[in-house]
Each structure stands twice: as C-alpha cells, then as structure tokens.
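Participant: One file: coords.txt (compact mmCIF, C-alpha atoms and all ligand atoms).
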```
# COMPACT_ATOMS: atom_id res chain seq x y z
CA MET A 2 309.13 94.48 235.15
CA VAL A 3 309.31 95.77 231.63
CA GLU A 4 310.15 92.32 230.28
CA GLU A 5 307.49 90.59 232.26
CA GLU A 6 304.56 92.51 230.92
CA PRO A 7 304.20 90.79 227.53
CA ILE A 8 304.38 87.39 229.27
CA HIS A 9 301.71 88.50 231.70
CA ALA A 10 299.54 89.68 228.82
CA ASP A 11 300.10 86.39 226.98
CA LEU A 12 299.11 84.42 230.04
CA GLN A 13 295.99 86.50 230.45
CA ALA A 14 295.04 85.99 226.85
CA ALA A 15 295.65 82.23 227.11
CA LEU A 16 293.55 82.08 230.27
CA ALA A 17 290.73 84.05 228.69
CA GLU A 18 290.81 81.75 225.71
CA ALA A 19 290.77 78.67 227.90
CA GLN A 20 287.81 80.06 229.85
CA GLN A 21 285.94 80.79 226.66
CA ARG A 22 286.57 77.26 225.44
CA ILE A 23 285.27 75.80 228.69
CA THR A 24 282.13 77.94 228.43
CA ASP A 25 281.68 76.91 224.78
CA LEU A 26 282.21 73.27 225.70
CA GLU A 27 279.70 73.47 228.55
CA ALA A 28 277.15 75.11 226.29
CA ALA A 29 277.79 72.53 223.58
CA LEU A 30 277.43 69.73 226.12
CA ALA A 31 274.16 71.12 227.46
CA GLU A 32 272.90 71.63 223.92
CA ARG A 33 273.82 68.08 222.91
CA GLN A 34 272.01 66.67 225.91
CA LEU A 35 268.90 68.77 226.02
CA GLY A 36 268.79 70.71 222.82
CA GLN A 37 268.81 74.07 224.62
CA PRO A 38 271.74 75.68 226.40
CA GLY A 39 271.21 76.33 230.13
CA LEU A 40 268.08 74.22 230.28
CA LEU A 41 269.85 71.32 232.02
CA ARG A 42 270.88 73.59 234.87
CA THR A 43 267.36 75.02 235.18
CA VAL A 44 265.89 71.52 235.23
CA ILE A 45 268.17 70.15 237.95
CA ASP A 46 267.73 73.30 240.04
CA ASN A 47 263.97 72.86 239.92
CA LEU A 48 263.98 69.19 240.92
CA PRO A 49 262.58 68.61 244.43
CA VAL A 50 265.66 66.52 245.33
CA SER A 51 269.26 67.40 246.04
CA ILE A 52 271.67 66.45 243.29
CA TYR A 53 275.43 66.76 243.63
CA VAL A 54 278.54 65.44 241.96
CA ARG A 55 281.92 65.13 243.66
CA ASP A 56 285.23 64.08 242.10
CA ARG A 57 287.62 61.41 243.43
CA GLU A 58 289.22 63.99 245.76
CA GLY A 59 285.81 64.81 247.22
CA ARG A 60 285.57 68.23 245.53
CA PHE A 61 282.17 69.41 244.39
CA MET A 62 281.80 69.43 240.59
CA LEU A 63 278.10 70.28 240.72
CA ALA A 64 275.38 70.96 243.25
CA ASN A 65 271.79 71.89 242.43
CA ALA A 66 269.76 74.51 244.31
CA SER A 67 268.34 72.01 246.78
CA ALA A 68 271.83 70.58 247.51
CA LEU A 69 273.11 74.11 248.12
CA ASP A 70 270.24 74.63 250.53
CA ILE A 71 271.25 71.57 252.62
CA MET A 72 274.59 73.26 253.15
CA GLY A 73 273.16 76.70 253.76
CA VAL A 74 274.93 78.17 250.71
CA ASP A 75 273.10 80.24 248.10
CA GLU A 76 275.51 80.31 245.17
CA SER A 77 276.81 77.40 243.17
CA GLN A 78 280.22 79.09 242.63
CA LEU A 79 280.80 79.02 246.40
CA VAL A 80 280.61 75.24 246.36
CA VAL A 81 282.27 74.04 243.15
CA GLY A 82 285.87 72.98 243.86
CA LYS A 83 285.28 72.82 247.61
CA LYS A 84 285.21 69.73 249.77
CA VAL A 85 282.36 68.76 252.09
CA SER A 86 284.69 69.42 255.04
CA ASP A 87 285.04 73.07 253.87
CA LEU A 88 281.28 73.53 254.07
CA MET A 89 279.76 71.28 256.68
CA PRO A 90 280.40 70.42 260.38
CA ALA A 91 283.18 67.84 260.87
CA ASP A 92 280.95 64.90 261.90
CA ILE A 93 278.66 65.22 258.87
CA ALA A 94 281.63 65.75 256.53
CA ALA A 95 283.35 62.62 257.87
CA ARG A 96 280.17 60.59 257.30
CA TRP A 97 279.58 61.82 253.76
CA GLU A 98 283.22 61.44 252.77
CA ALA A 99 283.33 57.87 254.08
CA GLU A 100 280.27 57.05 251.94
CA ASP A 101 281.87 58.67 248.89
CA ARG A 102 285.00 56.57 249.45
CA GLN A 103 282.90 53.42 249.67
CA VAL A 104 281.24 54.17 246.31
CA LEU A 105 284.59 55.07 244.71
CA GLU A 106 286.31 51.94 246.03
CA THR A 107 283.56 49.42 245.32
CA GLY A 108 282.21 51.05 242.16
CA ARG A 109 278.77 50.18 243.49
CA SER A 110 275.88 52.40 244.49
CA LEU A 111 274.90 53.05 248.09
CA GLU A 112 271.47 53.58 249.67
CA LYS A 113 270.95 55.28 253.02
CA GLU A 114 267.64 55.91 254.74
CA GLY A 115 266.69 58.26 257.54
CA GLU A 116 269.80 60.41 257.93
CA MET A 117 269.24 63.27 260.33
CA VAL A 118 271.02 66.51 259.49
CA THR A 119 270.89 69.72 261.47
CA HIS A 120 270.74 72.58 258.99
CA PRO A 121 273.98 74.57 259.43
CA VAL A 122 272.18 77.93 259.20
CA THR A 123 268.61 77.49 260.46
CA GLY A 124 269.41 74.77 263.02
CA GLU A 125 266.31 72.89 261.81
CA THR A 126 266.35 69.08 261.84
CA VAL A 127 265.97 67.61 258.36
CA TRP A 128 265.70 63.92 257.42
CA TYR A 129 267.16 62.57 254.21
CA ASP A 130 267.13 59.37 252.19
CA THR A 131 270.19 59.26 249.95
CA THR A 132 271.36 57.31 246.93
CA LYS A 133 274.96 57.62 245.73
CA VAL A 134 276.09 56.11 242.45
CA PRO A 135 279.53 56.03 240.82
CA LEU A 136 280.20 58.63 238.11
CA VAL A 137 281.85 56.69 235.28
CA ASP A 138 283.65 58.32 232.32
CA GLU A 139 283.69 57.07 228.75
CA ALA A 140 286.77 54.93 229.46
CA GLY A 141 284.90 53.14 232.22
CA GLN A 142 286.86 54.83 235.02
CA VAL A 143 285.07 55.86 238.22
CA ILE A 144 285.85 59.57 238.35
CA GLY A 145 283.52 60.60 241.15
CA ILE A 146 280.14 60.11 242.72
CA ILE A 147 276.65 61.34 241.90
CA GLY A 148 274.43 61.82 244.93
CA ILE A 149 270.66 62.23 245.16
CA SER A 150 269.13 63.09 248.54
CA ARG A 151 265.38 63.30 249.19
CA ASP A 152 264.03 65.35 252.12
CA THR A 153 261.73 62.95 253.99
CA SER A 154 261.05 65.25 256.95
CA LEU A 155 257.43 65.82 255.99
CA SER A 156 256.54 62.14 255.63
CA ARG A 157 258.43 61.43 258.85
CA ALA A 158 256.43 64.12 260.65
CA VAL A 159 253.22 62.57 259.28
CA GLU A 160 254.35 59.09 260.43
CA GLN A 161 255.24 60.45 263.87
CA ARG A 162 251.84 62.15 264.09
CA GLU A 163 250.15 58.86 263.17
CA VAL A 164 252.06 57.02 265.91
CA GLU A 165 251.06 59.71 268.42
CA LEU A 166 247.44 59.51 267.29
CA THR A 167 247.40 55.73 267.62
CA MET A 168 248.86 56.00 271.11
CA ALA A 169 246.32 58.65 272.07
CA ARG A 170 243.52 56.45 270.71
CA GLU A 171 244.86 53.48 272.70
CA ARG A 172 244.96 55.58 275.85
CA VAL A 173 241.36 56.69 275.34
CA GLU A 174 240.31 53.09 274.62
CA MET A 175 242.12 51.88 277.76
CA LEU A 176 240.43 54.58 279.82
CA ARG A 177 237.05 53.66 278.34
CA ARG A 178 237.62 49.98 279.13
CA PHE A 179 238.79 50.90 282.60
CA ILE A 180 235.68 52.99 283.27
CA ASP A 181 233.52 50.10 282.02
CA ASP A 182 235.35 47.54 284.15
CA ALA A 183 235.65 49.77 287.20
CA SER A 184 231.95 50.68 287.11
CA HIS A 185 231.10 46.99 286.83
CA ASP A 186 233.54 45.92 289.52
CA LEU A 187 232.52 48.68 291.94
CA ARG A 188 228.84 47.99 291.27
CA THR A 189 229.02 44.27 292.09
CA PRO A 190 229.71 44.66 295.83
CA LEU A 191 227.25 47.57 296.02
CA THR A 192 224.48 45.46 294.45
CA SER A 193 225.18 42.64 296.86
CA MET A 194 225.17 45.13 299.77
CA SER A 195 221.84 46.62 298.81
CA LEU A 196 220.31 43.15 298.48
CA SER A 197 221.56 42.22 301.96
CA LEU A 198 220.22 45.51 303.35
CA ALA A 199 216.81 44.75 301.88
CA VAL A 200 216.83 41.30 303.47
CA LEU A 201 217.93 42.76 306.83
CA GLN A 202 214.98 45.19 306.75
CA ARG A 203 212.41 42.53 305.91
CA ASN A 204 213.59 39.31 307.54
CA PRO A 205 213.99 39.35 311.34
CA ASP A 206 215.24 35.74 311.53
CA PRO A 207 218.47 35.95 313.63
CA ALA A 208 220.44 33.46 311.48
CA THR A 209 219.49 35.31 308.26
CA GLN A 210 220.31 38.66 309.88
CA GLN A 211 223.70 37.35 310.96
CA ARG A 212 224.51 36.00 307.47
CA HIS A 213 223.58 39.23 305.72
CA ARG A 214 225.47 41.38 308.20
CA ALA A 215 228.54 39.27 307.42
CA ILE A 216 227.93 39.76 303.66
CA LEU A 217 227.57 43.52 304.18
CA GLN A 218 230.80 43.60 306.15
CA SER A 219 232.76 41.54 303.63
CA GLN A 220 231.47 43.44 300.58
CA MET A 221 232.23 46.74 302.22
CA GLU A 222 235.80 45.59 302.86
CA HIS A 223 236.06 44.51 299.25
CA LEU A 224 234.82 47.91 298.08
CA LEU A 225 237.37 49.65 300.31
CA GLN A 226 240.10 47.41 298.91
CA LEU A 227 239.15 48.35 295.32
CA LEU A 228 239.17 52.05 296.13
CA ASP A 229 242.49 51.68 297.97
CA ASP A 230 244.03 50.04 294.89
CA LEU A 231 242.86 52.91 292.73
CA LEU A 232 244.28 55.43 295.16
CA SER A 233 247.62 53.58 295.41
CA THR A 234 247.99 53.54 291.65
CA SER A 235 247.44 57.25 291.31
CA ARG A 236 249.85 57.88 294.23
CA LEU A 237 252.52 55.71 292.61
CA ASP A 238 252.00 57.73 289.45
CA ARG A 239 252.83 60.88 291.33
CA ARG A 240 256.02 59.18 292.53
CA MET A 241 255.04 59.40 296.16
CA THR A 242 258.05 59.52 298.45
CA ILE A 243 258.68 56.33 300.35
CA GLU A 244 259.79 56.08 303.95
CA LEU A 245 262.19 53.23 304.50
CA ARG A 246 262.33 51.39 307.82
CA GLN A 247 263.63 48.01 308.90
CA VAL A 248 260.84 45.50 308.51
CA ASP A 249 260.74 41.81 309.39
CA VAL A 250 258.72 40.34 306.51
CA ARG A 251 257.80 37.33 308.69
CA VAL A 252 255.95 39.65 311.05
CA MET A 253 254.39 41.58 308.19
CA LEU A 254 253.12 38.37 306.55
CA GLN A 255 251.68 37.07 309.81
CA GLY A 256 249.70 40.30 310.13
CA ILE A 257 248.47 39.94 306.53
CA LEU A 258 247.40 36.32 307.14
CA LEU A 259 245.51 37.35 310.24
CA GLU A 260 243.65 39.97 308.24
CA LEU A 261 242.83 37.48 305.48
CA ARG A 262 241.76 34.69 307.87
CA THR A 263 238.04 35.23 307.32
CA LEU A 264 238.43 35.00 303.54
CA ALA A 265 240.62 31.87 303.83
CA GLU A 266 238.12 30.22 306.19
CA ARG A 267 235.15 31.11 304.05
CA LYS A 268 236.84 29.41 301.10
CA GLY A 269 237.92 26.45 303.20
CA HIS A 270 241.60 26.90 302.29
CA ALA A 271 244.47 25.48 304.31
CA VAL A 272 247.06 28.22 304.81
CA LEU A 273 250.59 27.10 305.65
CA PHE A 274 253.22 29.55 306.82
CA GLU A 275 256.83 28.39 306.74
CA ALA A 276 259.55 30.71 308.04
CA ALA A 277 263.00 30.26 309.50
CA GLY A 278 263.54 31.18 313.16
CA GLU A 279 265.81 34.11 312.31
CA PRO A 280 264.42 37.52 311.37
CA ALA A 281 263.98 38.26 307.67
CA LEU A 282 264.83 41.95 307.71
CA VAL A 283 264.45 44.27 304.73
CA LEU A 284 264.46 48.05 304.30
CA ALA A 285 260.94 48.93 303.24
CA ASP A 286 258.13 51.41 303.20
CA GLU A 287 255.81 49.43 305.44
CA ALA A 288 252.51 50.53 303.94
CA HIS A 289 253.61 49.98 300.34
CA LEU A 290 255.27 46.61 300.89
CA ARG A 291 252.29 45.43 302.92
CA ARG A 292 249.96 46.34 300.05
CA ALA A 293 252.18 44.47 297.57
CA LEU A 294 252.37 41.27 299.64
CA MET A 295 248.68 41.56 300.51
CA ALA A 296 247.80 41.63 296.79
CA ILE A 297 249.84 38.48 296.10
CA VAL A 298 248.39 36.50 299.02
CA THR A 299 244.84 37.73 298.31
CA ASN A 300 245.19 36.58 294.69
CA ALA A 301 246.36 33.14 295.85
CA LEU A 302 243.24 32.87 298.01
CA ASN A 303 240.89 34.26 295.34
CA TYR A 304 242.18 32.37 292.32
CA THR A 305 242.11 29.00 294.08
CA PRO A 306 238.85 27.02 294.14
CA ASN A 307 237.45 26.31 297.62
CA GLY A 308 239.38 23.81 299.69
CA GLY A 309 242.82 24.60 298.26
CA THR A 310 246.18 24.97 299.94
CA ILE A 311 248.17 28.21 300.09
CA THR A 312 251.78 27.98 301.24
CA ILE A 313 253.82 31.03 302.18
CA ARG A 314 257.55 30.43 302.57
CA VAL A 315 260.02 33.05 303.84
CA THR A 316 263.69 32.19 303.28
CA PRO A 317 266.42 34.58 304.41
CA THR A 318 269.78 34.02 302.70
CA PRO A 319 272.88 36.19 303.33
CA GLY A 320 272.08 38.60 300.48
CA GLN A 321 268.33 38.52 300.18
CA VAL A 322 264.98 37.56 301.57
CA THR A 323 262.79 35.32 299.40
CA ILE A 324 259.03 35.22 299.86
CA ALA A 325 257.28 32.46 297.88
CA VAL A 326 253.47 32.28 297.75
CA THR A 327 252.25 28.99 296.27
CA ASP A 328 248.62 28.11 295.60
CA THR A 329 246.80 25.09 294.18
CA GLY A 330 244.52 27.30 292.07
CA ILE A 331 243.43 27.93 288.51
CA GLY A 332 246.94 28.84 287.31
CA ILE A 333 248.00 31.26 284.59
CA SER A 334 248.68 30.44 280.95
CA PRO A 335 251.95 31.61 279.35
CA ALA A 336 250.00 34.16 277.26
CA GLU A 337 248.33 35.61 280.35
CA ARG A 338 251.61 35.56 282.26
CA ALA A 339 253.01 38.17 279.87
CA HIS A 340 250.32 40.65 280.99
CA ILE A 341 249.47 40.05 284.64
CA PHE A 342 251.77 42.84 285.88
CA GLU A 343 250.11 45.39 283.59
CA ARG A 344 247.58 47.78 285.04
CA PHE A 345 243.92 46.80 284.62
CA TYR A 346 244.82 43.42 283.15
CA ARG A 347 242.56 40.56 284.23
CA ALA A 348 242.57 37.12 282.65
CA ASP A 349 239.15 36.11 281.32
CA ARG A 350 238.81 33.35 283.87
CA ALA A 351 239.56 35.82 286.65
CA ARG A 352 236.56 37.88 285.53
CA ASN A 353 234.33 34.92 286.37
CA THR A 354 235.56 34.54 289.93
CA GLU A 355 233.40 35.74 292.76
CA ARG A 356 235.63 38.57 294.03
CA GLY A 357 236.76 40.59 291.11
CA GLY A 358 239.55 43.12 291.49
CA LEU A 359 240.35 45.93 289.10
CA GLY A 360 243.44 44.24 287.74
CA LEU A 361 245.65 46.63 289.71
CA GLY A 362 246.99 44.49 292.55
CA LEU A 363 249.94 42.91 290.73
CA ALA A 364 250.78 46.10 288.83
CA ILE A 365 251.04 47.90 292.17
CA ALA A 366 253.02 45.00 293.69
CA HIS A 367 255.45 45.02 290.75
CA GLU A 368 256.07 48.76 290.99
CA VAL A 369 256.45 48.70 294.77
CA ILE A 370 258.90 45.77 294.68
CA GLU A 371 260.97 47.51 291.99
CA VAL A 372 261.12 50.67 294.11
CA HIS A 373 262.55 48.43 296.86
CA SER A 374 265.29 47.18 294.47
CA GLY A 375 263.68 43.75 294.45
CA ARG A 376 262.01 41.63 291.81
CA ILE A 377 258.97 39.43 291.42
CA GLU A 378 258.73 36.21 289.43
CA VAL A 379 255.89 33.86 288.65
CA GLU A 380 255.78 30.16 287.84
CA SER A 381 252.47 28.67 286.88
CA GLU A 382 250.60 26.05 284.88
CA PRO A 383 246.91 26.40 284.07
CA GLY A 384 244.99 24.14 286.45
CA GLN A 385 248.15 23.34 288.43
CA GLY A 386 248.43 26.40 290.66
CA SER A 387 250.92 29.26 290.77
CA THR A 388 253.95 30.39 292.73
CA PHE A 389 254.74 34.09 293.03
CA THR A 390 258.25 34.69 294.37
CA VAL A 391 259.45 38.05 295.67
CA PHE A 392 263.16 38.72 296.14
CA LEU A 393 264.18 41.66 298.34
CA PRO A 394 267.66 42.82 299.43
CA ARG A 395 268.29 41.66 303.00
CA VAL A 396 269.41 43.93 305.82
CA ASN A 397 271.84 42.57 308.42
CA LYS A 398 270.44 42.25 311.90
CA THR A 399 272.97 44.68 313.31
CA ALA A 400 272.26 47.40 310.75
P1 LIG B 501 242.95 41.42 290.08
O1 LIG B 501 242.39 42.65 290.67
O2 LIG B 501 242.21 40.94 288.89
O3 LIG B 501 243.25 40.33 291.05
P2 LIG B 501 245.83 41.56 289.78
O4 LIG B 501 246.66 42.64 289.18
O5 LIG B 501 246.05 41.27 291.22
O6 LIG B 501 244.33 41.94 289.46
O7 LIG B 501 246.04 40.24 288.94
C1 LIG B 501 245.95 40.31 287.54
C2 LIG B 501 245.47 39.00 286.97
O8 LIG B 501 246.46 38.00 287.17
C3 LIG B 501 244.23 38.47 287.66
O9 LIG B 501 243.07 39.03 287.13
C4 LIG B 501 244.34 36.99 287.35
O10 LIG B 501 243.89 36.74 286.04
C5 LIG B 501 245.84 36.73 287.36
N1 LIG B 501 246.32 36.18 288.66
C6 LIG B 501 246.96 36.85 289.64
N2 LIG B 501 247.30 36.02 290.65
C7 LIG B 501 246.88 34.79 290.30
C8 LIG B 501 246.96 33.49 290.92
N3 LIG B 501 247.52 33.31 292.11
N4 LIG B 501 246.43 32.46 290.22
C9 LIG B 501 245.85 32.62 289.02
N5 LIG B 501 245.76 33.82 288.38
C10 LIG B 501 246.27 34.89 289.01
```
The structure in this file should be written as structure tokens.
Facilitator:
Amino acid sequence: MVEEEPIHADLQAALAEAQQRITDLEAALAERQLGQPGLLRTVIDNLPVSIYVRDREGRFMLANASALDIMGVDESQLVVGKKVSDLMPADIAARWEAEDRQVLETGRSLEKEGEMVTHPVTGETVWYDTTKVPLVDEAGQVIGIIGISRDTSLSRAVEQREVELTMARERVEMLRRFIDDASHDLRTPLTSMSLSLAVLQRNPDPATQQRHRAILQSQMEHLLQLLDDLLSTSRLDRRMTIELRQVDVRVMLQGILLELRTLAERKGHAVLFEAAGEPALVLADEAHLRRALMAIVTNALNYTPNGGTITIRVTPTPGQVTIAVTDTGIGISPAERAHIFERFYRADRARNTERGGLGLGLAIAHEVIEVHSGRIEVESEPGQGSTFTVFLPRVNKTA
C-alpha cells in the first residue's frame, strides 16, 4: 500500500496531463478550422440535420444534437465511445452497422432514402434520408464513417396529404359524374314514358294505344332494372351475406332467356342456347348469380345491332362449369376492355345505344362471381362481337 501510492499519484498526474493535452489539441483544432474555439461544436449542433462520426469499430466519435435526439439521448458524453447496438433497438443497429461496414469496405459513399425509424423514447415514427461518406485520415486510410441524416417526415406528411386530397377530389369528381350520368340515364326512360302517356290520353287508335302501352311497360322495366343495379351495388358494398344453395346454371339461364325474350324479339336477334344433357351444378346465391348472368346476357342483346346472334354455351367439366356468352355485336376495344368491370364505366359507343345502363352491370357481375370463387373473362374485337366467359367451381351431383 505504502509503496503503491507514489505510483498511483504518478499515474494520476500523467492522466491529467494527457487529458489536458487532448483538450488543448481539440481547442487548437477547432481554432485552426474556424478561428474560434467551441464554435464548430455550436455550429454542428445547430444544423437542422443529424451529423455523426463512427470509427472502424462502430464506436461513436461524434454526434450532434439532432443525432442525439434520434437516439433519445440528451448528452454527447453518453454516446461517444458507444456502439449503435448499445443505444438503439437490435434491428435498427444491425441495419446501420451493415451500412457502416459497406462504406468502410468499399470506401465509397452510400445514399439511403425513406428510412422509417420509431423514436426509442417517444415512439413517434420519423422518416430519414441518409448519406454516409468514408472518413479518411491524412494518410489516406478510411478510419470511420461520417453520416448525415435529414428528417423528411414533414415533407412526407405533406406528400401523403396531397395524395389523400387528390383521391378525395377524384371521389367527388366520380360522384359528380355519376349523378350527371344517373340523372340522364334515369330521365331517358321517364321522358319516353311521359311521351307515351300523352299519346295514350290523346290518341284512341287501338294500334297506337297498344304500341305505347308496350313502350310504357318496357321503359318501366328498364327503370326498375337501373334502380335494382344501384341497390345491388350499395348492398354489395355493405358486404351483404350470401346464401349458398345448389343451382343448375342451365335452368337459371333458361329462366333468364325467357325473361329477356321480348327484348331479343324486339331486336330481331337469334338466341341459341347450347347445354349438355347433364346438370351444371354450382353452389350459389341464386339472386346474386342470376343478376350477374342477367347483366352479361342483357349486354350481349343490347350491344349487338338488330338481327344479331347471341349464343349461350354451358359446359360442365369435372372441376368447373363454364358459361360462355357470345354475341355478334359492336365489340370492345382493348383500351375499353381494361375498364368495363369498373363501376359506372361505359364506353362512349355504349352511351349512344338505345338502352343505356348505369355502367354497373359488369361491375356487379365481377364482384358476385368473385364471391363465388369464380372468374370472368372477356374476348372481343371492335366490330367483331364479344365473348364473356364465366368459370364457376362445379358441385358433384351427389353433394
Ligand atoms: P352498362 O350499364 O353500360 O351496360 P356494364 O357494366 O354492364 O354497364 O358494361 C360496361 C360497358 O362495357 C358498357 O357500357 C359497354 O361499353 C361495354 N360492354 C359490356 N358488354 C358488352 C358487349 N357484349 N359488347 C360490347 N360492349 C359491351
């Protein structure tokens, strides 16, 4: 003990001297670089970016105020000499250390955009863009990395807000267009009905009366169909529960064709129905599937000029039932094909046809068929007609 004391005192003196020299050196360095001691530190602490320097072993040599804030630390001394893994969660530390290694090994700088970091203290999400460059000494050796990270959370929030605003504007615009179209489409049959009513009141000629009663009837059905489509869409939106039962699609299609006979006859179409003798059974919500198939067949009739041919083919295979509806109508261009299953989409040429829909039929059909684990495909050439094919999982007869 007695002998050790002078050594201890010597060591302490040497340490104190070394510390003083380091302080003097730091001051001299700062002075040489900026003319005023301590100014460098003040400057980097006031910069609105995070600046940090780590040595080859990943230990912090320097971290400015903003860099300390990323790590939820408020004093520089608590960071210098520590590794990222001592301060940050393991996943972030692993990421940052891997980047450091890349810069140290390649000697080249690294750019990283849009890193999301959860603040270790506040739990807030912060976004950073980071640049890391090699720290090179006078001998040209890479002795560490210098990192600069910019907080981009604010500009990201602004960008996000802009995206939301654009989407909101699009929704409003779509609603406005829909109200325009719907008012027009609902008005057309009503106008025709009121004209027919006026004729019925004034003209007692039996043939005229008969014709206008038929117009009234057909326009009223059309109006009901439009309103039904609207109702179906809003029900699908509310994810209405579906009731599955075994359905023979051959029988369902025959019923649909019977209902559409007047329209087919009025347009002078030939309607061919081809089905195998065996049942084509699927598990389906009858009302929904009927509406879907009705929309496809109605379109074939509507978008085919008078005197066309509509062929409906039902093919049951072991795994599925295929329903193909082929028409000889106006067809659909590739550009239009990309949109026909969207709500309220109507090709320009469709707008000019006599019986306008609201552009909901195929959107409803698509959703309904998806709910039934099936799919719908379309093949078409403008002027050459179209084929809509529905594939549905088949149920075995015994099931
Ligand atoms: P709409 O109420 O207009 O019939 P749909 O959703 O049923 O709405 O169809 C969307 C659009 O797809 C139609 O407006 C039309 O342009 C096009 N379309 C659908 N079926 C056919 C078809 N068989 N032939 C040509 N175009 C079709």
Participant: Within 9 Å of ligand LIG 501 (chain B), counting all atoms listed in the file: which residues, as a PyMOL selection string?
Facilitator: chain A and resi 227+230+296-305+326-334+337-338+340-352+356-366+381+383-384+386-389
Participant: Counting all atoms listed in the file, figure out which residue out of A:Leu63, A:Ala68, A:Leu261, A:Leu232 gets nearest to Asn47 (chain A).
Facilitator: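 Checking each of A:Leu63, A:Ala68, A:Leu261, A:Leu232 against Asn47 (chain A), counting all atoms listed in the file, the winner is A:Ala68.
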Participant: Need the axis-aligned box for region 336-350 of chain A with 6 Å each side, so what are the centre and edges in Å to one decimal, as lines of an AutoDock Vina configuration file?
Facilitator:
```
center_x = 245.9
center_y = 40.6
center_z = 281.6
size_x = 26.2
size_y = 26.4
size_z = 20.6
```
Participant: So what do you get for CA of Asn397 (chain A) versus CA of Arg292 (chain A), distance-wise?
Facilitator: 23.7 Å
Participant: State, in Å with one decimal place, the distance from CA of Asp182 (chain A) to CA of Leu294 (chain A).
Facilitator: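 Value for the CA of Asp182 (chain A)-CA of Leu294 (chain A) distance: 23.9 Å.
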Participant: Which of these, A:Val315, A:Val372, A:Thr43, A:Val85, has the shortest distance to Leu284 (chain A) once you count only C-alpha atoms?
Facilitator: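 Going through A:Val315, A:Val372, A:Thr43, A:Val85 one by one, the smallest distance to Leu284 (chain A) is for A:Val372.
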Participant: Any idea what the distance is between CA of Arg314 (chain A) and CA of Ala276 (chain A)?
Facilitator: 5.8 Å
Participant: I'd like to know which of A:Met295, A:Ala15, A:Ile93, A:Val379 is closest to Pro335 (chain A), using all atoms listed in the file.
Facilitator: A:Val379
Participant: Of the candidates A:Thr167, A:Gln226, A:Ser154, A:Thr209, which shows the shortest atom-to-atom distance to Leu187 (chain A), using all atoms listed in the file?
Facilitator: A:Gln226
Participant: Using only C-alpha atoms, which of A:Ile257, A:Ile147, A:Val137, A:Leu26 sits nearest Arg60 (chain A)?
Facilitator: A:Ile147
Participant: So that I can see what lies close to Thr263 (chain A), please list as a list in words the residues with an atom at most 12 Å from it, counting all atoms listed in the file and leaving out residues fewer than 5 positions away in the same chain.
Facilitator: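 Listed by chain and then number, they are Ala215, Ile216, Gln218, Ser219, Glu222, Ile257, Leu258, Lys268, Gly269, His270, Val272, Thr299 and Leu302 of chain A.
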Participant: Let's have the selection written as a compact mmCIF listing (two decimals), keeping the file's coordinate frame, with C-alpha atoms.
Facilitator:
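Dumped everything to out.txt:
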```
# COMPACT_ATOMS: atom_id res chain seq x y z
CA ALA A 215 228.54 39.27 307.42
CA ILE A 216 227.93 39.76 303.66
CA GLN A 218 230.80 43.60 306.15
CA SER A 219 232.76 41.54 303.63
CA GLU A 222 235.80 45.59 302.86
CA ILE A 257 248.47 39.94 306.53
CA LEU A 258 247.40 36.32 307.14
CA LYS A 268 236.84 29.41 301.10
CA GLY A 269 237.92 26.45 303.20
CA HIS A 270 241.60 26.90 302.29
CA VAL A 272 247.06 28.22 304.81
CA THR A 299 244.84 37.73 298.31
CA LEU A 302 243.24 32.87 298.01
```
Participant: Which one is closest to Thr153 (chain A): A:Val250, A:Thr234, A:Pro90, A:Ser51? Count only C-alpha atoms.
Facilitator: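 Selected residue with least distance to Thr153 (chain A): A:Ser51.
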